[in-house]
Amino acid sequence: TAERAASAFGVKTPPGGTFLFVHARPWMRDGETDALPFLDRCLDAGVLMTPGGACGADFGEYFRVCFTGVTPEALSDSLERLAPLLRRD
């Protein structure tokens with residue numbers, strides 16, 4: 001659900017729509033200039049998300065999470081796979 005996905009990424013639940021557009025800066029490591037390395041780590045965990053740069057040159061530090069293209073169970077599984085990467089220690 002939108003609420004569950006938004007909570008996992010620490011963003012506001014959108015009032016409508018099919019995806020979240022999230023700033024990756026909290027999960028980017030020193031020296032990383034865009035979201036791609038973070039998205040590679042997500043892919044290593046088995047979760048594919050869209051790079052923000054695909055939406056325009058100004059959005060390289062963002063990524064898009066679609067929460068309507070999968071079943072609620074698959075979304076929950078994906079968020080569980082991402083949980084270790086989303087920790088902000």
# chains A, B, ... in the order shown; residues from 1 in each chain; ligands from 1
$ closest_atom_pairs --of "stretch 31-53 of chain A" --to "stretch 61-82 of chain A" --cutoff "7 Å" --atoms "only C-alpha atoms" --output "tab-separated table"
residue	atom	partner	partner_atom	distance
A:Asp34	CA	A:Glu61	CA	4.5
A:Ala35	CA	A:Glu61	CA	4.8
A:Cys42	CA	A:Leu82	CA	6.5
A:Ala45	CA	A:Arg81	CA	6.0
A:Val47	CA	A:Ser78	CA	6.1
A:Met49	CA	A:Val65	CA	5.7
A:Thr50	CA	A:Arg64	CA	5.0
A:Pro51	CA	A:Phe63	CA	4.5
A:Gly52	CA	A:Phe63	CA	4.3
$ select_by_dssp --residues "chain A" --states "helix (DSSP H, G or I)" --output "short mmCIF file (atom, residue, chain, number, x, y, z; two decimals) with N, CA and C atoms, in the first residue's frame"
data_model
loop_
_atom_site.label_atom_id
_atom_site.label_comp_id
_atom_site.auth_asym_id
_atom_site.auth_seq_id
_atom_site.Cartn_x
_atom_site.Cartn_y
_atom_site.Cartn_z
N ALA A 2 0.29 2.35 -0.40
CA ALA A 2 1.02 3.62 -0.41
C ALA A 2 1.53 3.97 0.98
N GLU A 3 0.70 3.74 1.99
CA GLU A 3 1.09 4.07 3.36
C GLU A 3 2.30 3.28 3.81
N ARG A 4 2.30 2.00 3.54
CA ARG A 4 3.42 1.14 3.95
C ARG A 4 4.71 1.54 3.23
N ALA A 5 4.62 1.78 1.92
CA ALA A 5 5.80 2.17 1.15
C ALA A 5 6.32 3.52 1.63
N ALA A 6 5.44 4.48 1.81
CA ALA A 6 5.86 5.81 2.26
C ALA A 6 6.53 5.74 3.63
N SER A 7 5.98 4.95 4.52
CA SER A 7 6.56 4.79 5.84
C SER A 7 7.97 4.19 5.76
N ALA A 8 8.15 3.20 4.92
CA ALA A 8 9.46 2.54 4.80
C ALA A 8 10.54 3.51 4.33
N PHE A 9 10.16 4.45 3.46
CA PHE A 9 11.12 5.40 2.93
C PHE A 9 11.13 6.73 3.67
N ARG A 25 19.35 10.84 -1.12
CA ARG A 25 20.47 11.36 -0.33
C ARG A 25 20.67 10.65 1.01
N PRO A 26 19.60 10.32 1.77
CA PRO A 26 19.84 9.65 3.06
C PRO A 26 20.55 8.30 2.96
N TRP A 27 20.52 7.68 1.79
CA TRP A 27 21.13 6.36 1.62
C TRP A 27 22.33 6.37 0.69
N LEU A 36 22.15 6.01 -8.44
CA LEU A 36 22.42 4.72 -9.08
C LEU A 36 23.15 3.70 -8.20
N PRO A 37 24.19 4.07 -7.45
CA PRO A 37 24.81 3.07 -6.58
C PRO A 37 23.85 2.51 -5.52
N PHE A 38 23.01 3.39 -4.96
CA PHE A 38 22.00 2.92 -4.01
C PHE A 38 21.04 1.96 -4.69
N LEU A 39 20.61 2.31 -5.90
CA LEU A 39 19.69 1.44 -6.63
C LEU A 39 20.34 0.11 -7.00
N ASP A 40 21.65 0.12 -7.25
CA ASP A 40 22.37 -1.15 -7.47
C ASP A 40 22.33 -2.02 -6.22
N ARG A 41 22.49 -1.41 -5.05
CA ARG A 41 22.42 -2.17 -3.80
C ARG A 41 21.01 -2.73 -3.61
N CYS A 42 20.00 -1.95 -3.99
CA CYS A 42 18.61 -2.44 -3.91
C CYS A 42 18.41 -3.62 -4.86
N LEU A 43 18.96 -3.50 -6.06
CA LEU A 43 18.85 -4.59 -7.03
C LEU A 43 19.54 -5.85 -6.52
N ASP A 44 20.69 -5.68 -5.86
CA ASP A 44 21.37 -6.83 -5.25
C ASP A 44 20.48 -7.51 -4.21
N GLY A 52 15.65 8.24 -10.75
CA GLY A 52 15.02 9.52 -11.00
C GLY A 52 15.53 10.21 -12.24
N GLY A 53 16.78 9.93 -12.61
CA GLY A 53 17.34 10.52 -13.81
C GLY A 53 16.56 10.17 -15.06
N ALA A 54 15.81 9.07 -15.02
CA ALA A 54 14.96 8.70 -16.16
C ALA A 54 13.81 9.68 -16.32
N CYS A 55 13.56 10.47 -15.29
CA CYS A 55 12.48 11.47 -15.32
C CYS A 55 13.00 12.87 -15.64
N ALA A 57 17.10 15.23 -16.15
CA ALA A 57 18.49 15.40 -15.70
C ALA A 57 18.60 15.98 -14.29
N ASP A 58 17.61 16.70 -13.83
CA ASP A 58 17.67 17.31 -12.51
C ASP A 58 17.32 16.37 -11.38
N PHE A 59 16.98 15.12 -11.69
CA PHE A 59 16.48 14.21 -10.67
C PHE A 59 17.40 13.01 -10.42
N PRO A 72 0.02 -6.63 -2.82
CA PRO A 72 0.42 -6.18 -1.48
C PRO A 72 1.45 -7.11 -0.84
N GLU A 73 1.34 -8.39 -1.11
CA GLU A 73 2.31 -9.35 -0.55
C GLU A 73 3.70 -9.13 -1.14
N ALA A 74 3.76 -8.90 -2.46
CA ALA A 74 5.05 -8.66 -3.10
C ALA A 74 5.66 -7.34 -2.62
N LEU A 75 4.82 -6.33 -2.41
CA LEU A 75 5.31 -5.07 -1.88
C LEU A 75 5.90 -5.27 -0.48
N SER A 76 5.19 -6.01 0.36
CA SER A 76 5.70 -6.28 1.71
C SER A 76 7.02 -7.03 1.66
N ASP A 77 7.12 -8.02 0.77
CA ASP A 77 8.36 -8.77 0.62
C ASP A 77 9.49 -7.86 0.17
N SER A 78 9.21 -6.99 -0.78
CA SER A 78 10.23 -6.07 -1.27
C SER A 78 10.70 -5.12 -0.18
N LEU A 79 9.77 -4.58 0.59
CA LEU A 79 10.15 -3.67 1.67
C LEU A 79 10.96 -4.38 2.75
N GLU A 80 10.64 -5.65 3.00
CA GLU A 80 11.45 -6.43 3.95
C GLU A 80 12.86 -6.64 3.42
N ARG A 81 12.98 -6.90 2.12
CA ARG A 81 14.31 -7.07 1.52
C ARG A 81 15.13 -5.78 1.61
N LEU A 82 14.44 -4.64 1.49
CA LEU A 82 15.12 -3.35 1.54
C LEU A 82 15.42 -2.86 2.94
N ALA A 83 14.76 -3.40 3.93
CA ALA A 83 14.88 -2.90 5.31
C ALA A 83 16.33 -2.70 5.75
N PRO A 84 17.22 -3.67 5.52
CA PRO A 84 18.61 -3.44 5.95
C PRO A 84 19.27 -2.25 5.26
N LEU A 85 18.89 -1.98 4.01
CA LEU A 85 19.46 -0.86 3.27
C LEU A 85 18.88 0.48 3.68
N LEU A 86 17.68 0.45 4.23
CA LEU A 86 16.98 1.70 4.56
C LEU A 86 17.26 2.19 5.97
#
$ atom_distance --atom1 "atom CA of A:Gly56" --atom2 "atom CA of A:Arg87"
27.4 Å
$ atom_distance --atom1 "atom CA of A:Gly46" --atom2 "atom CA of A:Val11"
21.9 Å
$ decode --residues "stretch 23-63 of chain A" --atoms "N, CA and C atoms" --output "short mmCIF file (atom, residue, chain, number, x, y, z; two decimals), in the first residue's frame"
data_model
loop_
_atom_site.label_atom_id
_atom_site.label_comp_id
_atom_site.auth_asym_id
_atom_site.auth_seq_id
_atom_site.Cartn_x
_atom_site.Cartn_y
_atom_site.Cartn_z
N HIS A 23 13.87 11.13 -2.54
CA HIS A 23 15.24 11.62 -2.58
C HIS A 23 16.15 10.57 -1.95
N ALA A 24 17.18 10.16 -2.67
CA ALA A 24 18.06 9.08 -2.21
C ALA A 24 19.18 9.54 -1.30
N ARG A 25 19.35 10.84 -1.12
CA ARG A 25 20.47 11.36 -0.33
C ARG A 25 20.67 10.65 1.01
N PRO A 26 19.60 10.32 1.77
CA PRO A 26 19.84 9.65 3.06
C PRO A 26 20.55 8.30 2.96
N TRP A 27 20.52 7.68 1.79
CA TRP A 27 21.13 6.36 1.62
C TRP A 27 22.33 6.37 0.69
N MET A 28 22.70 7.56 0.22
CA MET A 28 23.88 7.68 -0.64
C MET A 28 25.13 7.72 0.23
N ARG A 29 26.16 7.04 -0.21
CA ARG A 29 27.42 7.00 0.53
C ARG A 29 28.33 8.13 0.08
N ASP A 30 29.34 8.40 0.89
CA ASP A 30 30.32 9.44 0.55
C ASP A 30 30.84 9.20 -0.86
N GLY A 31 30.89 10.26 -1.64
CA GLY A 31 31.41 10.18 -2.99
C GLY A 31 30.39 9.83 -4.06
N GLU A 32 29.22 9.36 -3.66
CA GLU A 32 28.18 9.04 -4.63
C GLU A 32 27.48 10.32 -5.05
N THR A 33 27.31 10.50 -6.35
CA THR A 33 26.76 11.75 -6.86
C THR A 33 25.33 11.60 -7.38
N ASP A 34 24.84 10.37 -7.43
CA ASP A 34 23.45 10.14 -7.83
C ASP A 34 22.93 8.88 -7.16
N ALA A 35 21.69 8.54 -7.44
CA ALA A 35 21.03 7.41 -6.77
C ALA A 35 21.44 6.05 -7.32
N LEU A 36 22.15 6.01 -8.44
CA LEU A 36 22.42 4.72 -9.08
C LEU A 36 23.15 3.70 -8.20
N PRO A 37 24.19 4.07 -7.45
CA PRO A 37 24.81 3.07 -6.58
C PRO A 37 23.85 2.51 -5.52
N PHE A 38 23.01 3.39 -4.96
CA PHE A 38 22.00 2.92 -4.01
C PHE A 38 21.04 1.96 -4.69
N LEU A 39 20.61 2.31 -5.90
CA LEU A 39 19.69 1.44 -6.63
C LEU A 39 20.34 0.11 -7.00
N ASP A 40 21.65 0.12 -7.25
CA ASP A 40 22.37 -1.15 -7.47
C ASP A 40 22.33 -2.02 -6.22
N ARG A 41 22.49 -1.41 -5.05
CA ARG A 41 22.42 -2.17 -3.80
C ARG A 41 21.01 -2.73 -3.61
N CYS A 42 20.00 -1.95 -3.99
CA CYS A 42 18.61 -2.44 -3.91
C CYS A 42 18.41 -3.62 -4.86
N LEU A 43 18.96 -3.50 -6.06
CA LEU A 43 18.85 -4.59 -7.03
C LEU A 43 19.54 -5.85 -6.52
N ASP A 44 20.69 -5.68 -5.86
CA ASP A 44 21.37 -6.83 -5.25
C ASP A 44 20.48 -7.51 -4.21
N ALA A 45 19.57 -6.73 -3.59
CA ALA A 45 18.63 -7.29 -2.61
C ALA A 45 17.38 -7.85 -3.30
N GLY A 46 17.32 -7.72 -4.62
CA GLY A 46 16.21 -8.30 -5.36
C GLY A 46 15.06 -7.34 -5.64
N VAL A 47 15.32 -6.03 -5.49
CA VAL A 47 14.26 -5.03 -5.69
C VAL A 47 14.72 -4.03 -6.76
N LEU A 48 13.90 -3.88 -7.79
CA LEU A 48 14.19 -2.96 -8.88
C LEU A 48 13.33 -1.71 -8.74
N MET A 49 13.99 -0.55 -8.78
CA MET A 49 13.28 0.73 -8.75
C MET A 49 13.81 1.60 -9.88
N THR A 50 13.04 2.59 -10.27
CA THR A 50 13.39 3.45 -11.40
C THR A 50 14.27 4.61 -10.95
N PRO A 51 15.41 4.80 -11.63
CA PRO A 51 16.24 5.96 -11.30
C PRO A 51 15.52 7.26 -11.63
N GLY A 52 15.65 8.24 -10.75
CA GLY A 52 15.02 9.52 -11.00
C GLY A 52 15.53 10.21 -12.24
N GLY A 53 16.78 9.93 -12.61
CA GLY A 53 17.34 10.52 -13.81
C GLY A 53 16.56 10.17 -15.06
N ALA A 54 15.81 9.07 -15.02
CA ALA A 54 14.96 8.70 -16.16
C ALA A 54 13.81 9.68 -16.32
N CYS A 55 13.56 10.47 -15.29
CA CYS A 55 12.48 11.47 -15.32
C CYS A 55 13.00 12.87 -15.64
N GLY A 56 14.30 13.00 -15.82
CA GLY A 56 14.89 14.29 -16.15
C GLY A 56 16.26 14.44 -15.51
N ALA A 57 17.10 15.23 -16.15
CA ALA A 57 18.49 15.40 -15.70
C ALA A 57 18.60 15.98 -14.29
N ASP A 58 17.61 16.70 -13.83
CA ASP A 58 17.67 17.31 -12.51
C ASP A 58 17.32 16.37 -11.38
N PHE A 59 16.98 15.12 -11.69
CA PHE A 59 16.48 14.21 -10.67
C PHE A 59 17.40 13.01 -10.42
N GLY A 60 18.69 13.18 -10.65
CA GLY A 60 19.65 12.09 -10.47
C GLY A 60 19.73 11.55 -9.06
N GLU A 61 19.43 12.38 -8.07
CA GLU A 61 19.49 11.92 -6.68
C GLU A 61 18.17 11.34 -6.19
N TYR A 62 17.23 11.11 -7.10
CA TYR A 62 15.92 10.59 -6.73
C TYR A 62 15.70 9.21 -7.35
N PHE A 63 14.69 8.52 -6.84
CA PHE A 63 14.26 7.26 -7.44
C PHE A 63 12.75 7.16 -7.31
#
